[in-house]
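**Q** File name my_file_5.cif; file contents mmCIF, C-alpha atoms; full text below.
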```cif
data_query
#
loop_
_atom_site.label_atom_id
_atom_site.label_comp_id
_atom_site.auth_asym_id
_atom_site.auth_seq_id
_atom_site.Cartn_x
_atom_site.Cartn_y
_atom_site.Cartn_z
CA MET A 1 -84.02 97.08 17.70
CA LYS A 2 -82.54 98.79 14.69
CA PHE A 3 -78.85 98.87 13.90
CA ARG A 4 -76.81 100.62 11.25
CA ALA A 5 -74.22 98.34 9.67
CA ARG A 6 -71.23 99.58 7.69
CA VAL A 7 -69.42 97.00 5.60
CA GLU A 8 -66.10 97.68 3.92
CA VAL A 9 -65.02 95.24 1.23
CA GLN A 10 -61.33 95.26 0.29
CA LEU A 11 -59.28 92.98 -1.91
CA ARG A 12 -57.21 90.53 0.12
CA PRO A 13 -53.51 91.40 0.51
CA GLY A 14 -51.61 90.08 -2.48
CA ILE A 15 -54.54 90.28 -4.90
CA ALA A 16 -53.75 92.70 -7.75
CA ASP A 17 -55.62 95.99 -7.47
CA PRO A 18 -55.53 97.75 -10.88
CA GLU A 19 -57.75 100.64 -9.72
CA GLY A 20 -55.53 101.42 -6.74
CA ALA A 21 -52.39 101.09 -8.88
CA THR A 22 -53.80 103.48 -11.49
CA ILE A 23 -54.65 106.09 -8.84
CA GLU A 24 -51.18 105.74 -7.34
CA ARG A 25 -49.46 106.21 -10.70
CA ALA A 26 -51.49 109.36 -11.39
CA LEU A 27 -50.72 111.08 -8.07
CA PRO A 28 -47.24 112.58 -8.71
CA ALA A 29 -48.40 114.30 -11.90
CA LEU A 30 -51.32 115.78 -9.95
CA GLY A 31 -49.09 117.22 -7.24
CA PHE A 32 -49.50 114.56 -4.56
CA ASP A 33 -46.16 113.27 -3.38
CA GLY A 34 -45.59 110.99 -0.42
CA VAL A 35 -48.69 108.87 -1.00
CA ALA A 36 -48.24 105.12 -1.43
CA HIS A 37 -49.96 101.74 -1.16
CA VAL A 38 -53.29 102.93 -2.56
CA ARG A 39 -55.98 100.24 -2.37
CA ALA A 40 -59.48 100.63 -3.73
CA GLY A 41 -62.51 98.86 -2.35
CA ARG A 42 -66.24 99.18 -1.87
CA SER A 43 -68.37 100.19 1.06
CA PHE A 44 -71.97 99.52 1.96
CA SER A 45 -74.25 100.75 4.69
CA PHE A 46 -77.64 99.38 5.62
CA GLU A 47 -80.09 99.10 8.51
CA VAL A 48 -80.76 95.77 10.21
CA ASP A 49 -83.84 95.09 12.30
CA ALA A 50 -82.98 92.37 14.84
CA PRO A 51 -83.86 91.44 18.45
CA ASP A 52 -80.36 92.15 19.80
CA GLU A 53 -76.87 93.17 18.72
CA SER A 54 -75.60 89.60 18.46
CA ALA A 55 -78.39 88.65 16.03
CA ALA A 56 -77.85 91.83 14.03
CA ARG A 57 -74.12 91.16 13.77
CA THR A 58 -74.68 87.58 12.64
CA ARG A 59 -77.15 88.64 9.97
CA ALA A 60 -75.03 91.55 8.72
CA ALA A 61 -71.87 89.42 8.57
CA GLU A 62 -73.69 86.69 6.63
CA LEU A 63 -75.08 89.26 4.20
CA ALA A 64 -71.60 90.79 3.75
CA ASP A 65 -69.92 87.45 3.11
CA ARG A 66 -72.61 85.95 0.90
CA LEU A 67 -73.72 88.94 -1.16
CA LEU A 68 -71.40 91.91 -0.87
CA ALA A 69 -67.94 90.35 -0.94
CA ASN A 70 -66.39 87.57 -2.98
CA PRO A 71 -64.62 85.64 -0.18
CA VAL A 72 -62.15 84.10 -2.63
CA ILE A 73 -60.45 87.43 -3.34
CA GLU A 74 -62.05 89.88 -0.94
CA GLN A 75 -62.33 90.39 2.81
CA SER A 76 -65.00 92.38 4.58
CA THR A 77 -65.01 94.32 7.82
CA LEU A 78 -68.22 95.10 9.67
CA GLU A 79 -69.07 97.92 12.07
CA LEU A 80 -72.40 98.05 13.86
CA GLU A 81 -74.07 100.84 15.81
CA VAL A 82 -77.43 101.06 17.55
CA LEU A 83 -79.91 103.50 15.98
CA MET B 1 -44.12 110.19 9.91
CA LYS B 2 -46.30 107.73 8.09
CA PHE B 3 -50.04 107.59 8.41
CA ARG B 4 -52.66 105.21 7.06
CA ALA B 5 -55.68 107.01 5.65
CA ARG B 6 -59.05 105.37 5.03
CA VAL B 7 -61.46 107.29 2.85
CA GLU B 8 -65.08 106.29 2.43
CA VAL B 9 -66.97 107.86 -0.46
CA GLN B 10 -70.76 107.74 -0.31
CA LEU B 11 -73.44 109.33 -2.42
CA ARG B 12 -74.97 112.36 -0.73
CA PRO B 13 -78.37 111.81 0.91
CA GLY B 14 -81.09 112.26 -1.71
CA ILE B 15 -78.93 111.21 -4.65
CA ALA B 16 -80.36 108.10 -6.30
CA ASP B 17 -78.36 104.95 -5.58
CA PRO B 18 -79.30 102.26 -8.15
CA GLU B 19 -76.74 99.74 -6.86
CA GLY B 20 -78.01 99.98 -3.29
CA ALA B 21 -81.62 99.80 -4.47
CA THR B 22 -80.88 96.69 -6.54
CA ILE B 23 -79.22 94.95 -3.57
CA GLU B 24 -82.16 95.87 -1.34
CA ARG B 25 -84.71 94.48 -3.81
CA ALA B 26 -82.81 91.19 -4.07
CA LEU B 27 -82.56 90.57 -0.31
CA PRO B 28 -86.01 89.11 0.52
CA ALA B 29 -85.70 86.46 -2.21
CA LEU B 30 -82.29 85.52 -0.79
CA GLY B 31 -83.63 85.03 2.72
CA PHE B 32 -82.62 88.35 4.29
CA ASP B 33 -85.56 90.08 5.89
CA GLY B 34 -85.40 93.15 8.08
CA VAL B 35 -82.68 94.88 6.06
CA ALA B 36 -83.39 98.36 4.66
CA HIS B 37 -81.81 101.59 3.44
CA VAL B 38 -78.95 99.89 1.61
CA ARG B 39 -76.42 102.40 0.24
CA ALA B 40 -73.42 101.48 -1.87
CA GLY B 41 -70.20 103.46 -1.96
CA ARG B 42 -66.47 103.13 -2.46
CA SER B 43 -63.59 102.94 -0.05
CA PHE B 44 -59.90 103.69 -0.43
CA SER B 45 -56.91 103.23 1.81
CA PHE B 46 -53.45 104.67 1.32
CA GLU B 47 -50.32 105.69 3.21
CA VAL B 48 -49.35 109.34 3.57
CA ASP B 49 -45.85 110.48 4.46
CA ALA B 50 -46.10 113.88 6.19
CA PRO B 51 -44.28 115.80 8.97
CA ASP B 52 -47.24 115.69 11.37
CA GLU B 53 -50.85 114.54 11.66
CA SER B 54 -52.29 117.92 10.69
CA ALA B 55 -50.32 117.99 7.42
CA ALA B 56 -51.24 114.37 6.69
CA ARG B 57 -54.94 115.09 7.29
CA THR B 58 -54.87 118.15 5.01
CA ARG B 59 -53.19 116.23 2.20
CA ALA B 60 -55.42 113.17 2.53
CA ALA B 61 -58.59 115.30 2.62
CA GLU B 62 -57.50 117.25 -0.46
CA LEU B 63 -56.73 114.01 -2.29
CA ALA B 64 -60.13 112.58 -1.30
CA ASP B 65 -62.07 115.66 -2.41
CA ARG B 66 -60.15 116.31 -5.63
CA LEU B 67 -59.51 112.79 -6.91
CA LEU B 68 -61.54 110.13 -5.14
CA ALA B 69 -64.95 111.76 -4.71
CA ASN B 70 -67.12 113.87 -6.97
CA PRO B 71 -68.15 116.61 -4.50
CA VAL B 72 -71.25 117.46 -6.52
CA ILE B 73 -72.94 114.15 -5.73
CA GLU B 74 -70.64 112.44 -3.22
CA GLN B 75 -69.30 113.07 0.28
CA SER B 76 -66.17 111.58 1.74
CA THR B 77 -65.18 110.71 5.28
CA LEU B 78 -61.56 110.36 6.33
CA GLU B 79 -59.96 108.34 9.12
CA LEU B 80 -56.27 108.62 9.88
CA GLU B 81 -54.03 106.47 12.03
CA VAL B 82 -50.31 106.64 12.77
CA LEU B 83 -48.26 103.76 11.37
#
```
Rewrite the structure from the file as structure tokens, please.
**A**
Amino acid sequence: MKFRARVEVQLRPGIADPEGATIERALPALGFDGVAHVRAGRSFSFEVDAPDESAARTRAAELADRLLANPVIEQSTLELEVL
Amino acid sequence: MKFRARVEVQLRPGIADPEGATIERALPALGFDGVAHVRAGRSFSFEVDAPDESAARTRAAELADRLLANPVIEQSTLELEVL
């Protein structure tokens, strides 16, 4: 079976996010008021070929934690759908 | 009302994605077989203060298209939830 995995990697709460802070500082001058707590992260999508959803989830989560995120400062969330 | 917006910015289909291609090439040597079509993108989350969900969605979508994504080569998806 084939699955589509979507992984979102965000900095852990409390870790400084210079990119998000820079965007947030620029917003009022660009006409966007009422926007706060901007956080920047990365996203990945890929296809996993696995015998069932449980195996696909295990493999995708391992890939996300070992290769896509730095677990010391980042956390990842995983969504899986059948193709 | 306050809303949390999550914006995912991905390269449009057909636009070359060197980061995704590099990850995909590295996977077999790292023990991950059966993974294909890796695409890399960016994600953002922020809070929007707006009178209702429609206004919040309009503002968040405008922000995503004008500031977070390059509409020539990227597409953005927006998810909104009430805080």
**Q** Pick out the residues sitting within 10 Å of Pro18 (chain A), and hand them over as a ChimeraX atom specification; count all atoms listed in the file, and ignore anything fewer than 4 positions along from it in its own chain.
**A** /A:22-24,39-40
**Q** Looking at B:Val9, B:Ile15, B:Ala60, B:Val72, which one is nearest to Ala36 (chain A), with distances taken over all atoms listed in the file?
**A**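 So, comparing all the options, the nearest one is B:Ala60.
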**Q** Expand the PyMOL selection byres ((chain A) within 7 of (chain B)) into the individual residues it matches in the shown file, reporting them as a PyMOL selection string.
**A** chain A and resi 34-49
**Q** To one decimal place in Å, what is the distance between CA of Ser54 (chain B) and CA of Thr77 (chain B)?
**A** 15.7 Å
**Q** So how far away is CA of Gln75 (chain A) from CA of Leu11 (chain A), in Å?
**A**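 Computing the Euclidean distance for CA of Leu11 (chain A) and CA of Gln75 (chain A) yields 6.2 Å.
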**Q** With 5 Å on each side, where is the centre of the axis-aligned box around all listed atoms of region 37-43 of chain A, and how long are its edges in Å to one decimal, as AutoDock Vina command-line options?
**A**
```
--center_x -59.2 --center_y 100.9 --center_z -1.3 --size_x 28.4 --size_y 14.1 --size_z 14.8
```
